[in-house]
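The structure file work33.txt is reproduced below (compact mmCIF, C-alpha atoms (C1' of nucleotides)).
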# COMPACT_ATOMS: atom_id res chain seq x y z
CA MET B 1 0.00 0.00 0.00
CA ASP B 2 1.32 3.41 -0.83
CA ALA B 3 1.15 6.13 1.72
CA ASP B 4 -1.95 7.78 0.36
CA GLY B 5 -4.20 5.15 1.86
CA ILE B 6 -3.88 6.08 5.51
CA HIS B 7 -6.40 8.92 5.31
CA GLY B 8 -6.49 10.55 8.69
CA GLN B 9 -5.08 7.57 10.54
CA LEU B 10 -1.50 8.82 10.46
CA ASP B 11 -1.73 10.42 13.89
CA THR B 12 -3.15 7.26 15.42
CA LEU B 13 -0.44 5.15 13.80
CA ILE B 14 2.31 7.45 15.11
CA LEU B 15 0.81 7.67 18.60
CA ALA B 16 0.38 3.90 18.72
CA THR B 17 4.01 3.46 17.74
CA LEU B 18 5.19 5.87 20.44
CA ASN B 19 2.97 4.08 22.94
CA ARG B 20 5.40 1.18 22.65
CA GLY B 21 8.29 3.44 23.69
CA GLU B 22 9.93 6.69 22.68
CA ALA B 23 11.47 6.95 19.25
CA HIS B 24 12.81 9.44 16.73
CA GLY B 25 11.19 10.17 13.39
CA TYR B 26 13.21 7.90 11.21
CA ALA B 27 12.77 5.04 13.69
CA ILE B 28 9.00 5.60 13.61
CA ILE B 29 9.03 5.31 9.83
CA THR B 30 10.99 2.06 9.90
CA ALA B 31 8.93 0.70 12.80
CA LEU B 32 5.71 1.29 10.87
CA LYS B 33 7.24 -0.34 7.85
CA GLU B 34 8.23 -3.41 9.79
CA LEU B 35 5.09 -3.66 11.89
CA SER B 36 2.99 -3.47 8.75
CA GLY B 37 4.99 -6.13 6.97
CA ASP B 38 6.43 -3.64 4.44
CA ARG B 39 2.98 -2.44 3.46
CA LEU B 40 3.47 1.04 4.88
CA ASP B 41 6.36 3.12 3.58
CA LEU B 42 5.66 6.67 4.63
CA PRO B 43 7.66 9.51 3.05
CA SER B 44 9.61 11.78 5.36
CA GLY B 45 7.67 14.74 3.99
CA THR B 46 4.58 13.20 5.52
CA VAL B 47 5.92 12.03 8.86
CA TYR B 48 8.10 14.93 9.99
CA PRO B 49 5.44 17.59 9.57
CA ALA B 50 3.01 15.27 11.37
CA LEU B 51 5.43 14.96 14.30
CA ARG B 52 5.75 18.75 14.55
CA ARG B 53 2.00 19.05 14.44
CA LEU B 54 1.54 16.45 17.18
CA GLU B 55 4.18 18.15 19.29
CA ARG B 56 2.56 21.54 18.82
CA ALA B 57 -0.73 19.96 19.86
CA GLY B 58 0.87 18.60 23.04
CA SER B 59 0.37 14.92 22.21
CA ILE B 60 4.08 14.18 22.06
CA SER B 61 7.20 15.85 23.42
CA GLY B 62 10.50 15.95 21.55
CA THR B 63 14.08 16.38 22.70
CA TRP B 64 17.27 16.57 20.70
CA THR B 65 19.89 13.98 21.53
CA GLU B 66 23.08 15.37 22.99
CA GLY B 67 26.66 14.44 22.32
CA PRO B 68 28.19 13.20 19.07
CA GLY B 69 26.57 11.12 16.42
CA ARG B 70 23.65 11.91 14.19
CA ARG B 71 21.31 14.49 15.53
CA ARG B 72 17.99 12.97 16.41
CA ARG B 73 14.82 14.32 17.85
CA VAL B 74 13.38 11.71 20.17
CA TYR B 75 9.66 11.85 20.82
CA ALA B 76 7.67 10.49 23.75
CA LEU B 77 3.94 10.18 24.28
CA THR B 78 2.54 12.71 26.76
CA GLY B 79 -0.48 12.29 29.01
CA ASP B 80 -2.55 14.25 26.55
CA GLY B 81 -1.11 12.08 23.81
CA ALA B 82 -2.32 8.95 25.55
CA LYS B 83 -5.80 10.44 25.60
CA ALA B 84 -5.49 11.40 21.94
CA LEU B 85 -4.46 7.83 21.18
CA GLU B 86 -7.52 6.50 23.02
CA LYS B 87 -9.71 8.83 20.97
CA GLY B 88 -7.96 7.81 17.78
CA LEU B 89 -8.55 4.14 18.54
CA SER B 90 -12.16 4.82 19.39
CA ASP B 91 -12.66 6.77 16.16
CA TRP B 92 -11.02 3.99 14.21
CA ARG B 93 -13.36 1.39 15.74
CA SER B 94 -16.34 3.60 14.87
CA LEU B 95 -15.18 3.94 11.30
CA ARG B 96 -14.70 0.20 11.04
CA GLU B 97 -18.20 -0.41 12.34
CA VAL B 98 -19.80 2.11 10.00
CA MET B 99 -17.91 0.82 7.00
CA GLY B 100 -18.82 -2.73 7.91
CA ALA B 101 -22.47 -1.84 8.34
CA VAL B 102 -22.70 -0.10 4.98
CA LEU B 103 -20.53 -2.43 2.93
CA GLU B 104 -21.99 -5.66 4.24
CA ALA B 105 -25.59 -4.45 4.25
CA MET W 1 -19.92 9.61 14.81
CA ASP W 2 -19.75 13.02 13.20
CA ALA W 3 -18.94 13.30 9.57
CA ASP W 4 -15.28 14.14 10.00
CA GLY W 5 -14.40 10.57 10.80
CA ILE W 6 -14.85 9.10 7.35
CA HIS W 7 -11.46 10.29 6.10
CA GLY W 8 -11.24 9.40 2.47
CA GLN W 9 -13.88 6.67 2.62
CA LEU W 10 -16.70 8.91 1.47
CA ASP W 11 -16.35 7.90 -2.16
CA THR W 12 -16.39 4.22 -1.27
CA LEU W 13 -19.47 4.71 0.91
CA ILE W 14 -21.32 6.54 -1.87
CA LEU W 15 -20.31 4.05 -4.54
CA ALA W 16 -21.31 1.14 -2.31
CA THR W 17 -24.69 2.77 -1.75
CA LEU W 18 -25.23 3.27 -5.48
CA ASN W 19 -24.17 -0.31 -6.07
CA ARG W 20 -27.43 -1.32 -4.42
CA GLY W 21 -29.39 0.73 -6.95
CA GLU W 22 -29.57 4.23 -8.35
CA ALA W 23 -30.46 7.05 -6.01
CA HIS W 24 -30.47 10.83 -5.71
CA GLY W 25 -28.28 12.78 -3.32
CA TYR W 26 -30.69 13.22 -0.49
CA ALA W 27 -31.64 9.54 -0.66
CA ILE W 28 -27.97 8.61 -0.44
CA ILE W 29 -27.61 10.70 2.70
CA THR W 30 -30.62 9.07 4.37
CA ALA W 31 -29.59 5.61 3.17
CA LEU W 32 -26.16 6.00 4.73
CA LYS W 33 -27.77 7.25 7.90
CA GLU W 34 -30.07 4.25 8.11
CA LEU W 35 -27.54 1.66 7.02
CA SER W 36 -25.11 2.92 9.65
CA GLY W 37 -27.72 2.85 12.39
CA ASP W 38 -27.81 6.64 12.68
CA ARG W 39 -24.07 6.83 13.16
CA LEU W 40 -23.43 8.62 9.88
CA ASP W 41 -25.14 11.94 9.29
CA LEU W 42 -23.34 13.57 6.42
CA PRO W 43 -23.92 17.25 5.68
CA SER W 44 -25.18 18.18 2.24
CA GLY W 45 -22.14 20.40 1.78
CA THR W 46 -20.05 17.24 1.92
CA VAL W 47 -22.15 14.89 -0.18
CA TYR W 48 -23.25 17.05 -3.11
CA PRO W 49 -19.76 18.21 -4.05
CA ALA W 50 -18.61 14.59 -3.73
CA LEU W 51 -21.32 13.49 -6.17
CA ARG W 52 -20.25 16.13 -8.68
CA ARG W 53 -16.67 15.05 -8.26
CA LEU W 54 -17.56 11.39 -8.82
CA GLU W 55 -19.64 12.27 -11.84
CA ARG W 56 -16.83 14.38 -13.30
CA ALA W 57 -14.52 11.42 -12.74
CA GLY W 58 -16.91 9.13 -14.62
CA SER W 59 -17.70 6.85 -11.69
CA ILE W 60 -21.36 7.76 -11.62
CA SER W 61 -23.80 9.28 -14.10
CA GLY W 62 -26.55 11.68 -13.11
CA THR W 63 -29.83 12.60 -14.74
CA TRP W 64 -32.47 15.12 -13.70
CA THR W 65 -35.91 13.71 -13.14
CA GLU W 66 -38.54 14.96 -15.56
CA GLY W 67 -42.10 15.98 -14.89
CA PRO W 68 -43.60 17.65 -11.86
CA GLY W 69 -42.51 17.24 -8.28
CA ARG W 70 -39.24 18.08 -6.63
CA ARG W 71 -36.30 18.21 -8.94
CA ARG W 72 -33.91 15.40 -8.26
CA ARG W 73 -30.68 14.34 -9.78
CA VAL W 74 -30.59 10.56 -9.86
CA TYR W 75 -27.20 8.92 -9.96
CA ALA W 76 -26.25 5.46 -11.18
CA LEU W 77 -22.99 3.56 -10.92
CA THR W 78 -21.10 3.31 -14.22
CA GLY W 79 -18.76 0.56 -15.34
CA ASP W 80 -15.80 2.68 -14.30
CA GLY W 81 -17.59 3.32 -11.03
CA ALA W 82 -17.84 -0.40 -10.36
CA LYS W 83 -14.09 -0.64 -10.86
CA ALA W 84 -13.55 2.35 -8.59
CA LEU W 85 -15.72 0.66 -5.97
CA GLU W 86 -13.61 -2.49 -6.23
CA LYS W 87 -10.49 -0.44 -5.73
CA GLY W 88 -12.06 1.42 -2.83
CA LEU W 89 -12.97 -1.86 -1.14
CA SER W 90 -9.50 -3.21 -1.75
CA ASP W 91 -7.91 -0.07 -0.31
CA TRP W 92 -10.19 -0.27 2.69
CA ARG W 93 -9.19 -3.88 3.35
CA SER W 94 -5.52 -2.90 3.09
CA LEU W 95 -6.00 -0.07 5.53
CA ARG W 96 -7.79 -2.39 7.94
CA GLU W 97 -4.97 -4.89 7.74
CA VAL W 98 -2.26 -2.30 8.26
CA MET W 99 -4.09 -0.70 11.16
CA GLY W 100 -4.67 -4.11 12.71
CA ALA W 101 -1.04 -5.07 12.30
CA VAL W 102 0.26 -1.90 13.92
CA LEU W 103 -2.33 -1.52 16.66
CA GLU W 104 -2.34 -5.14 17.76
CA ALA W 105 1.40 -5.63 17.50
C1' DG X 1 -50.12 30.85 7.16
C1' DA X 2 -46.34 28.60 9.41
C1' DC X 3 -43.48 24.92 10.01
C1' DT X 4 -41.03 20.80 8.87
C1' DA X 5 -39.07 17.66 5.72
C1' DC X 6 -37.37 17.29 1.22
C1' DA X 7 -33.81 18.61 -2.23
C1' DT X 8 -29.76 20.79 -4.28
C1' DG X 9 -26.15 23.65 -4.31
C1' DT X 10 -22.07 27.39 -3.53
C1' DA X 11 -18.27 29.89 -0.99
C1' DG X 12 -14.58 30.00 1.75
C1' DA X 13 -11.81 28.08 5.27
C1' DG X 14 -9.06 24.58 7.36
C1' DG X 15 -6.60 20.61 7.40
C1' DT X 16 -3.88 16.48 5.64
C1' DT X 17 -0.88 14.28 2.70
C1' DC X 18 1.77 14.33 -1.40
C1' DT X 19 6.03 15.13 -4.42
C1' DA X 20 10.22 17.15 -4.84
C1' DC X 21 13.90 19.23 -3.04
C1' DA X 22 17.66 20.42 0.40
C1' DT X 23 21.03 19.30 3.86
C1' DA X 24 24.12 16.63 6.59
C1' DT X 25 26.32 12.48 9.13
C1' DC X 26 28.08 7.83 9.25
C1' DA X 27 29.61 3.17 7.62
C1' DA X 28 31.36 0.22 4.20
C1' DG X 29 33.60 -0.84 0.24
C1' DT X 30 37.27 0.14 -3.35
C1' DA J 1 40.75 9.43 -0.63
C1' DC J 2 36.42 8.65 -2.82
C1' DT J 3 31.97 7.06 -3.61
C1' DT J 4 27.82 5.03 -2.42
C1' DG J 5 23.96 3.91 0.40
C1' DA J 6 21.67 4.12 4.72
C1' DT J 7 20.60 7.21 8.37
C1' DA J 8 18.29 11.56 9.77
C1' DT J 9 15.66 15.86 9.53
C1' DG J 10 13.36 19.25 7.33
C1' DT J 11 10.87 22.91 3.89
C1' DA J 12 7.94 24.52 -0.12
C1' DG J 13 4.23 24.26 -2.87
C1' DA J 14 0.48 21.76 -4.75
C1' DA J 15 -3.55 18.97 -4.58
C1' DC J 16 -7.29 17.21 -2.41
C1' DC J 17 -11.07 16.44 1.01
C1' DT J 18 -14.33 17.79 4.28
C1' DC J 19 -16.26 21.26 7.03
C1' DT J 20 -19.40 25.21 8.33
C1' DA J 21 -22.41 28.45 6.88
C1' DC J 22 -25.22 30.18 3.70
C1' DA J 23 -28.69 30.27 -0.21
C1' DT J 24 -32.71 28.67 -2.71
C1' DG J 25 -36.89 26.49 -3.53
C1' DT J 26 -40.81 22.66 -3.31
C1' DA J 27 -44.21 19.63 -0.96
C1' DG J 28 -46.92 18.23 2.79
C1' DT J 29 -49.11 18.95 7.33
C1' DC J 30 -51.18 21.30 11.14
When written as structure tokens, how does the structure in this file appear?
Amino acid sequence: MDADGIHGQLDTLILATLNRGEAHGYAIITALKELSGDRLDLPSGTVYPALRRLERAGSISGTWTEGPGRRRRVYALTGDGAKALEKGLSDWRSLREVMGAVLEA
Amino acid sequence: MDADGIHGQLDTLILATLNRGEAHGYAIITALKELSGDRLDLPSGTVYPALRRLERAGSISGTWTEGPGRRRRVYALTGDGAKALEKGLSDWRSLREVMGAVLEA
DNA sequence: GACTACATGTAGAGGTTCTACATATCAAGT
DNA sequence: ACTTGATATGTAGAACCTCTACATGTAGTC
């Protein structure tokens, strides 16, 4: 599946990934790729702006790594982010139910 | 669920509704509302532009009713529309699989 | 006569995701 | 030393979807 099939579920996917532990952007991209069995390959131009948006919204908090090595911005789920994840999961379940009801009617 | 949870599935929902038989815009809105058990209540400002878009794309064909009574534009699924519906269903299944894989990992 | 349901539509705003580009570090091979 | 590929982050501009709010008019009912 190319990236343009996630339609509004990107935030939930990112929050769910961070719920398993903090991670930096590139790691989130590779994690989603692996977790999805190579079906999700999100472009950086999609993920990085989403991370900034989620941070601005208070759902995740980012910190730059210190010391040598590649600079990374590591993100962690906040309390508000956990709530946002719950809402995202709930919305996803609703969508699944509605789609099921209409498609299998 | 309010309308802003359908995220890119609107076309598939409309095409699936028309796959059960031709219908005009307002009827599609009420059909989706009933089929979903009142969970979907799409605003006209969302559905009518979507119908025009789908017609422009060749997925559905519309004709104005003749004679007295309220003017209605009745839409029917085209051959291309049936293909588009197939693709929409396939995309939806992919999304469900990817979401399942990531969320239940 | 007023109100509700039916019926279609436009305008403008807001948001998400895309493609393409830009930059830089590190490891491995040659 | 040089090149290549993987790692890592980010911006710019375009395209697209859905929303809210508004606008218009018909048909039926009380």
Any chance you could dump chain B, least-squares fitted to chain W on all C-alpha atoms in order, as an mmCIF file with C-alpha atoms, in the coordinates of the input?
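Output saved as selection.cif:
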data_model
loop_
_atom_site.group_PDB
_atom_site.id
_atom_site.type_symbol
_atom_site.label_atom_id
_atom_site.label_comp_id
_atom_site.auth_asym_id
_atom_site.auth_seq_id
_atom_site.Cartn_x
_atom_site.Cartn_y
_atom_site.Cartn_z
ATOM 1 C CA MET B 1 -19.964 9.552 14.821
ATOM 2 C CA ASP B 2 -19.819 12.950 13.243
ATOM 3 C CA ALA B 3 -18.993 13.271 9.617
ATOM 4 C CA ASP B 4 -15.355 14.121 10.094
ATOM 5 C CA GLY B 5 -14.444 10.529 10.796
ATOM 6 C CA ILE B 6 -14.870 9.099 7.323
ATOM 7 C CA HIS B 7 -11.479 10.303 6.094
ATOM 8 C CA GLY B 8 -11.235 9.381 2.463
ATOM 9 C CA GLN B 9 -13.869 6.674 2.624
ATOM 10 C CA LEU B 10 -16.696 8.921 1.466
ATOM 11 C CA ASP B 11 -16.340 7.897 -2.168
ATOM 12 C CA THR B 12 -16.392 4.216 -1.278
ATOM 13 C CA LEU B 13 -19.454 4.697 0.917
ATOM 14 C CA ILE B 14 -21.310 6.543 -1.861
ATOM 15 C CA LEU B 15 -20.300 4.039 -4.542
ATOM 16 C CA ALA B 16 -21.305 1.143 -2.304
ATOM 17 C CA THR B 17 -24.683 2.756 -1.741
ATOM 18 C CA LEU B 18 -25.234 3.263 -5.473
ATOM 19 C CA ASN B 19 -24.171 -0.328 -6.069
ATOM 20 C CA ARG B 20 -27.437 -1.312 -4.407
ATOM 21 C CA GLY B 21 -29.403 0.720 -6.966
ATOM 22 C CA GLU B 22 -29.588 4.231 -8.348
ATOM 23 C CA ALA B 23 -30.466 7.053 -6.009
ATOM 24 C CA HIS B 24 -30.459 10.828 -5.705
ATOM 25 C CA GLY B 25 -28.266 12.767 -3.309
ATOM 26 C CA TYR B 26 -30.678 13.220 -0.487
ATOM 27 C CA ALA B 27 -31.645 9.537 -0.653
ATOM 28 C CA ILE B 28 -27.957 8.597 -0.436
ATOM 29 C CA ILE B 29 -27.602 10.686 2.707
ATOM 30 C CA THR B 30 -30.610 9.065 4.359
ATOM 31 C CA ALA B 31 -29.589 5.595 3.169
ATOM 32 C CA LEU B 32 -26.157 5.996 4.750
ATOM 33 C CA LYS B 33 -27.774 7.229 7.909
ATOM 34 C CA GLU B 34 -30.065 4.249 8.109
ATOM 35 C CA LEU B 35 -27.537 1.651 7.018
ATOM 36 C CA SER B 36 -25.127 2.911 9.646
ATOM 37 C CA GLY B 37 -27.716 2.839 12.391
ATOM 38 C CA ASP B 38 -27.799 6.657 12.689
ATOM 39 C CA ARG B 39 -24.054 6.831 13.185
ATOM 40 C CA LEU B 40 -23.410 8.614 9.903
ATOM 41 C CA ASP B 41 -25.138 11.932 9.293
ATOM 42 C CA LEU B 42 -23.325 13.552 6.415
ATOM 43 C CA PRO B 43 -23.918 17.249 5.681
ATOM 44 C CA SER B 44 -25.179 18.176 2.240
ATOM 45 C CA GLY B 45 -22.127 20.384 1.783
ATOM 46 C CA THR B 46 -20.045 17.236 1.912
ATOM 47 C CA VAL B 47 -22.142 14.883 -0.182
ATOM 48 C CA TYR B 48 -23.230 17.052 -3.106
ATOM 49 C CA PRO B 49 -19.748 18.211 -4.035
ATOM 50 C CA ALA B 50 -18.596 14.590 -3.733
ATOM 51 C CA LEU B 51 -21.318 13.490 -6.165
ATOM 52 C CA ARG B 52 -20.252 16.137 -8.692
ATOM 53 C CA ARG B 53 -16.674 15.038 -8.298
ATOM 54 C CA LEU B 54 -17.561 11.375 -8.823
ATOM 55 C CA GLU B 55 -19.641 12.273 -11.853
ATOM 56 C CA ARG B 56 -16.842 14.359 -13.319
ATOM 57 C CA ALA B 57 -14.528 11.405 -12.754
ATOM 58 C CA GLY B 58 -16.913 9.110 -14.642
ATOM 59 C CA SER B 59 -17.698 6.825 -11.702
ATOM 60 C CA ILE B 60 -21.367 7.755 -11.621
ATOM 61 C CA SER B 61 -23.803 9.260 -14.105
ATOM 62 C CA GLY B 62 -26.563 11.673 -13.125
ATOM 63 C CA THR B 63 -29.851 12.597 -14.756
ATOM 64 C CA TRP B 64 -32.459 15.111 -13.714
ATOM 65 C CA THR B 65 -35.932 13.740 -13.145
ATOM 66 C CA GLU B 66 -38.548 15.013 -15.548
ATOM 67 C CA GLY B 67 -42.100 16.074 -14.926
ATOM 68 C CA PRO B 68 -43.544 17.722 -11.822
ATOM 69 C CA GLY B 69 -42.473 17.257 -8.270
ATOM 70 C CA ARG B 70 -39.205 18.090 -6.613
ATOM 71 C CA ARG B 71 -36.275 18.246 -8.920
ATOM 72 C CA ARG B 72 -33.890 15.420 -8.261
ATOM 73 C CA ARG B 73 -30.661 14.341 -9.795
ATOM 74 C CA VAL B 74 -30.595 10.565 -9.856
ATOM 75 C CA TYR B 75 -27.202 8.905 -9.966
ATOM 76 C CA ALA B 76 -26.248 5.443 -11.189
ATOM 77 C CA LEU B 77 -22.996 3.533 -10.933
ATOM 78 C CA THR B 78 -21.098 3.311 -14.228
ATOM 79 C CA GLY B 79 -18.763 0.545 -15.350
ATOM 80 C CA ASP B 80 -15.817 2.657 -14.329
ATOM 81 C CA GLY B 81 -17.586 3.306 -11.052
ATOM 82 C CA ALA B 82 -17.847 -0.403 -10.372
ATOM 83 C CA LYS B 83 -14.101 -0.657 -10.857
ATOM 84 C CA ALA B 84 -13.560 2.346 -8.600
ATOM 85 C CA LEU B 85 -15.722 0.659 -5.980
ATOM 86 C CA GLU B 86 -13.631 -2.517 -6.225
ATOM 87 C CA LYS B 87 -10.493 -0.435 -5.735
ATOM 88 C CA GLY B 88 -12.066 1.413 -2.838
ATOM 89 C CA LEU B 89 -12.970 -1.859 -1.143
ATOM 90 C CA SER B 90 -9.506 -3.217 -1.751
ATOM 91 C CA ASP B 91 -7.910 -0.070 -0.324
ATOM 92 C CA TRP B 92 -10.190 -0.256 2.675
ATOM 93 C CA ARG B 93 -9.188 -3.879 3.347
ATOM 94 C CA SER B 94 -5.519 -2.885 3.085
ATOM 95 C CA LEU B 95 -6.000 -0.062 5.536
ATOM 96 C CA ARG B 96 -7.783 -2.374 7.936
ATOM 97 C CA GLU B 97 -4.952 -4.876 7.738
ATOM 98 C CA VAL B 98 -2.249 -2.268 8.265
ATOM 99 C CA MET B 99 -4.076 -0.674 11.157
ATOM 100 C CA GLY B 100 -4.660 -4.068 12.704
ATOM 101 C CA ALA B 101 -1.027 -5.039 12.304
ATOM 102 C CA VAL B 102 0.259 -1.863 13.926
ATOM 103 C CA LEU B 103 -2.330 -1.476 16.662
ATOM 104 C CA GLU B 104 -2.342 -5.088 17.772
ATOM 105 C CA ALA B 105 1.416 -5.561 17.503
#
Which residues of chain X have any atom within 9 Å of an atom in chain B when counting only C-alpha atoms (C1' of nucleotides), and what is the closest pair of atoms for each, with the distance in Å to one decimal? Order the rows by chain and rising number and write it as CSV.
residue,atom,partner,partner_atom,distance
X:DT16,C1',B:Gly8,CA,7.2
X:DT17,C1',B:Thr46,CA,6.2
X:DC18,C1',B:Thr46,CA,7.6
X:DT19,C1',B:Gly45,CA,8.6
X:DA24,C1',B:Arg70,CA,9.0
X:DT25,C1',B:Arg70,CA,5.7
X:DC26,C1',B:Arg70,CA,7.8
Specify as an NGL selection string all residues of chain J found within 10 Å of chain W, counting all atoms listed in the file. :J and (17-21 or 25-27)
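The gap separating C1' of DG14 in chain X from CA of His24 in chain B is 28.2 Å, in Å to one decimal.
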Please define a box with edges along x, y and z of the file around all atoms of range 10-19 of chain X given in the file, extend it by 3 Å on each side, and return its centre and edge lengths in Å to one decimal, as AutoDock Vina command-line options.
--center_x -8.0 --center_y 22.1 --center_z 1.5 --size_x 34.1 --size_y 21.7 --size_z 17.8
Could you state the separation of CA of Arg53 in chain W and C1' of DC16 in chain J in Å, given to one decimal place?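 Interatomic distance, CA of Arg53 in chain W to C1' of DC16 in chain J: 11.3 Å.
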Would you mind listing what lies within 9 Å of Trp92 in chain W as a count of residues only, with all atoms listed in the file counted and same-chain residues fewer than 6 positions away left out? 4
Using only C-alpha atoms, find the residues of chain B whose closest atom to chain W is at most 12 Å away, then write them as a PDB file with C-alpha atoms, in the coordinates of the input.
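Once everything was written out, this is iface_19.pdb:
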ATOM      1  CA  MET B   1       0.000   0.000   0.000  1.00  0.00           C
ATOM      2  CA  ASP B   2       1.320   3.410  -0.830  1.00  0.00           C
ATOM      3  CA  ALA B   3       1.150   6.130   1.720  1.00  0.00           C
ATOM      4  CA  ASP B   4      -1.950   7.780   0.360  1.00  0.00           C
ATOM      5  CA  GLY B   5      -4.200   5.150   1.860  1.00  0.00           C
ATOM      6  CA  ILE B   6      -3.880   6.080   5.510  1.00  0.00           C
ATOM      7  CA  HIS B   7      -6.400   8.920   5.310  1.00  0.00           C
ATOM      8  CA  GLY B   8      -6.490  10.550   8.690  1.00  0.00           C
ATOM      9  CA  GLN B   9      -5.080   7.570  10.540  1.00  0.00           C
ATOM     10  CA  LEU B  10      -1.500   8.820  10.460  1.00  0.00           C
ATOM     11  CA  ASP B  11      -1.730  10.420  13.890  1.00  0.00           C
ATOM     12  CA  THR B  12      -3.150   7.260  15.420  1.00  0.00           C
ATOM     13  CA  LEU B  13      -0.440   5.150  13.800  1.00  0.00           C
ATOM     14  CA  ILE B  14       2.310   7.450  15.110  1.00  0.00           C
ATOM     15  CA  LEU B  15       0.810   7.670  18.600  1.00  0.00           C
ATOM     16  CA  ALA B  16       0.380   3.900  18.720  1.00  0.00           C
ATOM     17  CA  THR B  17       4.010   3.460  17.740  1.00  0.00           C
ATOM     18  CA  LEU B  18       5.190   5.870  20.440  1.00  0.00           C
ATOM     19  CA  ASN B  19       2.970   4.080  22.940  1.00  0.00           C
ATOM     20  CA  ARG B  20       5.400   1.180  22.650  1.00  0.00           C
ATOM     21  CA  ILE B  28       9.000   5.600  13.610  1.00  0.00           C
ATOM     22  CA  ALA B  31       8.930   0.700  12.800  1.00  0.00           C
ATOM     23  CA  LEU B  32       5.710   1.290  10.870  1.00  0.00           C
ATOM     24  CA  LYS B  33       7.240  -0.340   7.850  1.00  0.00           C
ATOM     25  CA  GLU B  34       8.230  -3.410   9.790  1.00  0.00           C
ATOM     26  CA  LEU B  35       5.090  -3.660  11.890  1.00  0.00           C
ATOM     27  CA  SER B  36       2.990  -3.470   8.750  1.00  0.00           C
ATOM     28  CA  GLY B  37       4.990  -6.130   6.970  1.00  0.00           C
ATOM     29  CA  ASP B  38       6.430  -3.640   4.440  1.00  0.00           C
ATOM     30  CA  ARG B  39       2.980  -2.440   3.460  1.00  0.00           C
ATOM     31  CA  LEU B  40       3.470   1.040   4.880  1.00  0.00           C
ATOM     32  CA  ASP B  41       6.360   3.120   3.580  1.00  0.00           C
ATOM     33  CA  LEU B  85      -4.460   7.830  21.180  1.00  0.00           C
ATOM     34  CA  GLU B  86      -7.520   6.500  23.020  1.00  0.00           C
ATOM     35  CA  LYS B  87      -9.710   8.830  20.970  1.00  0.00           C
ATOM     36  CA  GLY B  88      -7.960   7.810  17.780  1.00  0.00           C
ATOM     37  CA  LEU B  89      -8.550   4.140  18.540  1.00  0.00           C
ATOM     38  CA  SER B  90     -12.160   4.820  19.390  1.00  0.00           C
ATOM     39  CA  ASP B  91     -12.660   6.770  16.160  1.00  0.00           C
ATOM     40  CA  TRP B  92     -11.020   3.990  14.210  1.00  0.00           C
ATOM     41  CA  ARG B  93     -13.360   1.390  15.740  1.00  0.00           C
ATOM     42  CA  SER B  94     -16.340   3.600  14.870  1.00  0.00           C
ATOM     43  CA  LEU B  95     -15.180   3.940  11.300  1.00  0.00           C
ATOM     44  CA  ARG B  96     -14.700   0.200  11.040  1.00  0.00           C
ATOM     45  CA  GLU B  97     -18.200  -0.410  12.340  1.00  0.00           C
ATOM     46  CA  VAL B  98     -19.800   2.110  10.000  1.00  0.00           C
ATOM     47  CA  MET B  99     -17.910   0.820   7.000  1.00  0.00           C
ATOM     48  CA  GLY B 100     -18.820  -2.730   7.910  1.00  0.00           C
ATOM     49  CA  ALA B 101     -22.470  -1.840   8.340  1.00  0.00           C
ATOM     50  CA  VAL B 102     -22.700  -0.100   4.980  1.00  0.00           C
ATOM     51  CA  LEU B 103     -20.530  -2.430   2.930  1.00  0.00           C
ATOM     52  CA  GLU B 104     -21.990  -5.660   4.240  1.00  0.00           C
ATOM     53  CA  ALA B 105     -25.590  -4.450   4.250  1.00  0.00           C
TER      54      ALA B 105
END
To one decimal in Å, tell me the separation between CA of Ala57 in chain W and C1' of DC22 in chain J.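 Interatomic distance here is 27.1 Å.
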Closest of W:Arg56, W:Ser44, W:Ala23, W:Ser61 to Leu77 in chain W - atom-to-atom distances counting only C-alpha atoms: W:Ser61
Might you pull out every residue within 10 Å of DG28 in chain J, with all atoms listed in the file counted and same-chain residues fewer than 5 positions away left off, and present them as a list in words?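 Non-adjacent residues within range: DT4, DA5 and DC6 of chain X.
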